[in-house]
file work.pdb (PDB, C-alpha atoms)
MODEL        1
ATOM      1  CA  GLN O   1      11.068   4.786 -10.266
ATOM      2  CA  LYS O   2       8.410   7.057 -11.737
ATOM      3  CA  ILE O   3       4.771   6.631 -10.623
ATOM      4  CA  THR O   4       1.913   8.098 -12.627
ATOM      5  CA  VAL O   5      -1.506   8.561 -11.054
ATOM      6  CA  THR O   6      -4.501   9.026 -13.289
ATOM      7  CA  SER O   7      -7.866  10.190 -12.021
ATOM      8  CA  VAL O   8     -11.025   9.627 -13.994
ATOM      9  CA  LYS O   9     -14.231  11.424 -13.135
ATOM     10  CA  LYS O  10     -17.427   9.764 -14.277
ATOM     11  CA  VAL O  11     -20.035  12.226 -15.493
ATOM     12  CA  GLN O  12     -23.634  11.105 -15.370
ATOM     13  CA  ASN O  13     -26.140  12.252 -17.886
ATOM     14  CA  ASN O  14     -29.123  13.150 -15.728
ATOM     15  CA  GLY O  15     -31.341  13.992 -18.673
ATOM     16  CA  PRO O  16     -32.404  17.202 -20.351
ATOM     17  CA  SER O  17     -32.290  20.490 -18.502
ATOM     18  CA  ILE O  18     -35.386  21.732 -16.689
ATOM     19  CA  SER O  19     -36.343  25.334 -17.365
ATOM     20  CA  GLY O  20     -39.849  25.686 -15.955
ATOM     21  CA  THR O  21     -41.117  26.555 -12.486
ATOM     22  CA  SER O  22     -42.429  23.063 -11.783
ATOM     23  CA  TYR O  23     -41.335  19.504 -12.501
ATOM     24  CA  LYS O  24     -43.214  16.194 -12.413
ATOM     25  CA  ILE O  25     -41.048  13.518 -10.800
ATOM     26  CA  VAL O  26     -40.446  10.322 -12.785
ATOM     27  CA  GLU O  27     -39.211   6.979 -11.489
ATOM     28  CA  GLY O  28     -35.478   7.062 -10.823
ATOM     29  CA  ASP O  29     -35.328  10.806 -10.102
ATOM     30  CA  HIS O  30     -33.559  12.181  -7.047
ATOM     31  CA  LEU O  31     -33.272  15.732  -5.761
ATOM     32  CA  TRP O  32     -29.568  15.946  -6.627
ATOM     33  CA  GLY O  33     -30.203  15.101 -10.287
ATOM     34  CA  ILE O  34     -33.238  17.358 -10.518
ATOM     35  CA  SER O  35     -31.283  20.243  -9.037
ATOM     36  CA  ILE O  36     -28.431  19.706 -11.517
ATOM     37  CA  ARG O  37     -30.911  19.776 -14.387
ATOM     38  CA  ALA O  38     -32.873  22.757 -13.037
ATOM     39  CA  TYR O  39     -30.065  24.909 -11.631
ATOM     40  CA  GLY O  40     -26.808  23.435 -12.919
ATOM     41  CA  ASP O  41     -25.798  22.772  -9.304
ATOM     42  CA  GLY O  42     -26.540  19.571  -7.383
ATOM     43  CA  PHE O  43     -25.827  21.292  -4.086
ATOM     44  CA  LYS O  44     -29.066  23.254  -4.428
ATOM     45  CA  TRP O  45     -31.163  20.177  -3.588
ATOM     46  CA  PRO O  46     -31.810  21.407   0.004
ATOM     47  CA  LYS O  47     -33.583  24.430  -1.517
ATOM     48  CA  LEU O  48     -35.904  22.063  -3.410
ATOM     49  CA  ALA O  49     -36.562  20.013  -0.280
ATOM     50  CA  LYS O  50     -37.356  23.114   1.787
ATOM     51  CA  VAL O  51     -39.634  24.824  -0.763
ATOM     52  CA  ASN O  52     -41.551  21.572  -1.346
ATOM     53  CA  ASN O  53     -41.794  20.615   2.355
ATOM     54  CA  ILE O  54     -39.923  17.339   1.838
ATOM     55  CA  PRO O  55     -38.814  16.109   5.273
ATOM     56  CA  ASN O  56     -36.837  13.132   3.908
ATOM     57  CA  PRO O  57     -35.053  13.941   0.627
ATOM     58  CA  ASP O  58     -34.479  10.228   0.002
ATOM     59  CA  LEU O  59     -38.239   9.764  -0.349
ATOM     60  CA  ILE O  60     -39.663  11.443  -3.413
ATOM     61  CA  TYR O  61     -42.393   9.817  -5.430
ATOM     62  CA  PRO O  62     -43.119   9.532  -9.161
ATOM     63  CA  ASP O  63     -45.966  11.737 -10.411
ATOM     64  CA  SER O  64     -45.461  14.246  -7.569
ATOM     65  CA  VAL O  65     -44.950  17.797  -8.809
ATOM     66  CA  LEU O  66     -42.104  19.873  -7.422
ATOM     67  CA  LYS O  67     -42.062  23.660  -7.313
ATOM     68  CA  LEU O  68     -38.822  25.008  -8.780
ATOM     69  CA  PRO O  69     -38.114  28.497  -7.443
ATOM     70  CA  ARG O  70     -36.222  30.691  -9.912
TER
ENDMDL
END
call {"tool": "encode", "arguments": {"input": "work.pdb", "output": "structure tokens"}}
result
Amino acid sequence: QKITVTSVKKVQNNGPSISGTSYKIVEGDHLWGISIRAYGDGFKWPKLAKVNNIPNPDLIYPDSVLKLPR
């Protein structure tokens, strides 16, 4: 008996890319998504947290402005 396994990866559209050196947070944002849009790599979110002195990355607030080191 032949078994076929199919894997599907869901890709989220996190919005347009971010090219500046700062970003104003909007409702629904998270550091992972911002880092994908700014750097093309979600795993760079700790860099954003450190540079912006964010002790709890799960708590970011709309209208706050993040510094985006380049």
call {"tool": "resolve_selection", "arguments": {"input": "work.pdb", "expression": "the PyMOL selection byres ((chain O and resi 35-43) around 8)", "output": "ChimeraX atom specification"}}
result
/O:14-19,31-34,44-46,48,68
call {"tool": "write_last_selection", "arguments": {"input": "work.pdb", "atoms": "C-alpha atoms", "output": "mmCIF file, in the coordinates of the input"}}
result
data_model
loop_
_atom_site.group_PDB
_atom_site.id
_atom_site.type_symbol
_atom_site.label_atom_id
_atom_site.label_comp_id
_atom_site.auth_asym_id
_atom_site.auth_seq_id
_atom_site.Cartn_x
_atom_site.Cartn_y
_atom_site.Cartn_z
ATOM 1 C CA ASN O 14 -29.123 13.150 -15.728
ATOM 2 C CA GLY O 15 -31.341 13.992 -18.673
ATOM 3 C CA PRO O 16 -32.404 17.202 -20.351
ATOM 4 C CA SER O 17 -32.290 20.490 -18.502
ATOM 5 C CA ILE O 18 -35.386 21.732 -16.689
ATOM 6 C CA SER O 19 -36.343 25.334 -17.365
ATOM 7 C CA LEU O 31 -33.272 15.732 -5.761
ATOM 8 C CA TRP O 32 -29.568 15.946 -6.627
ATOM 9 C CA GLY O 33 -30.203 15.101 -10.287
ATOM 10 C CA ILE O 34 -33.238 17.358 -10.518
ATOM 11 C CA LYS O 44 -29.066 23.254 -4.428
ATOM 12 C CA TRP O 45 -31.163 20.177 -3.588
ATOM 13 C CA PRO O 46 -31.810 21.407 0.004
ATOM 14 C CA LEU O 48 -35.904 22.063 -3.410
ATOM 15 C CA LEU O 68 -38.822 25.008 -8.780
#
call {"tool": "atom_distance", "arguments": {"input": "work.pdb", "atom1": "atom CA of O:Asp58", "atom2": "atom CA of O:Thr21"}}
result
21.6 Å
call {"tool": "atom_distance", "arguments": {"input": "work.pdb", "atom1": "atom CA of O:Asp63", "atom2": "atom CA of O:Ser22"}}
result
11.9 Å
call {"tool": "atom_distance", "arguments": {"input": "work.pdb", "atom1": "atom CA of O:Pro62", "atom2": "atom CA of O:Ala49"}}
result
15.2 Å
call {"tool": "residues_near_point", "arguments": {"input": "work.pdb", "point": "(-44.3, 20.7, -13.0)", "cutoff": "8 Å", "atoms": "all atoms listed in the file", "output": "JSON, numbers by chain"}}
result
{"O": [20, 21, 22, 23, 24, 65, 66, 67]}
call {"tool": "resolve_selection", "arguments": {"input": "work.pdb", "expression": "the PyMOL selection byres ((chain O and resi 61) around 9)", "output": "PDB file with C-alpha atoms, keeping the file's coordinate frame"}}
result
ATOM      1  CA  ILE O  25     -41.048  13.518 -10.800  1.00  0.00           C
ATOM      2  CA  VAL O  26     -40.446  10.322 -12.785  1.00  0.00           C
ATOM      3  CA  GLU O  27     -39.211   6.979 -11.489  1.00  0.00           C
ATOM      4  CA  ASP O  29     -35.328  10.806 -10.102  1.00  0.00           C
ATOM      5  CA  LEU O  59     -38.239   9.764  -0.349  1.00  0.00           C
ATOM      6  CA  ILE O  60     -39.663  11.443  -3.413  1.00  0.00           C
ATOM      7  CA  PRO O  62     -43.119   9.532  -9.161  1.00  0.00           C
ATOM      8  CA  ASP O  63     -45.966  11.737 -10.411  1.00  0.00           C
ATOM      9  CA  SER O  64     -45.461  14.246  -7.569  1.00  0.00           C
TER      10      SER O  64
END
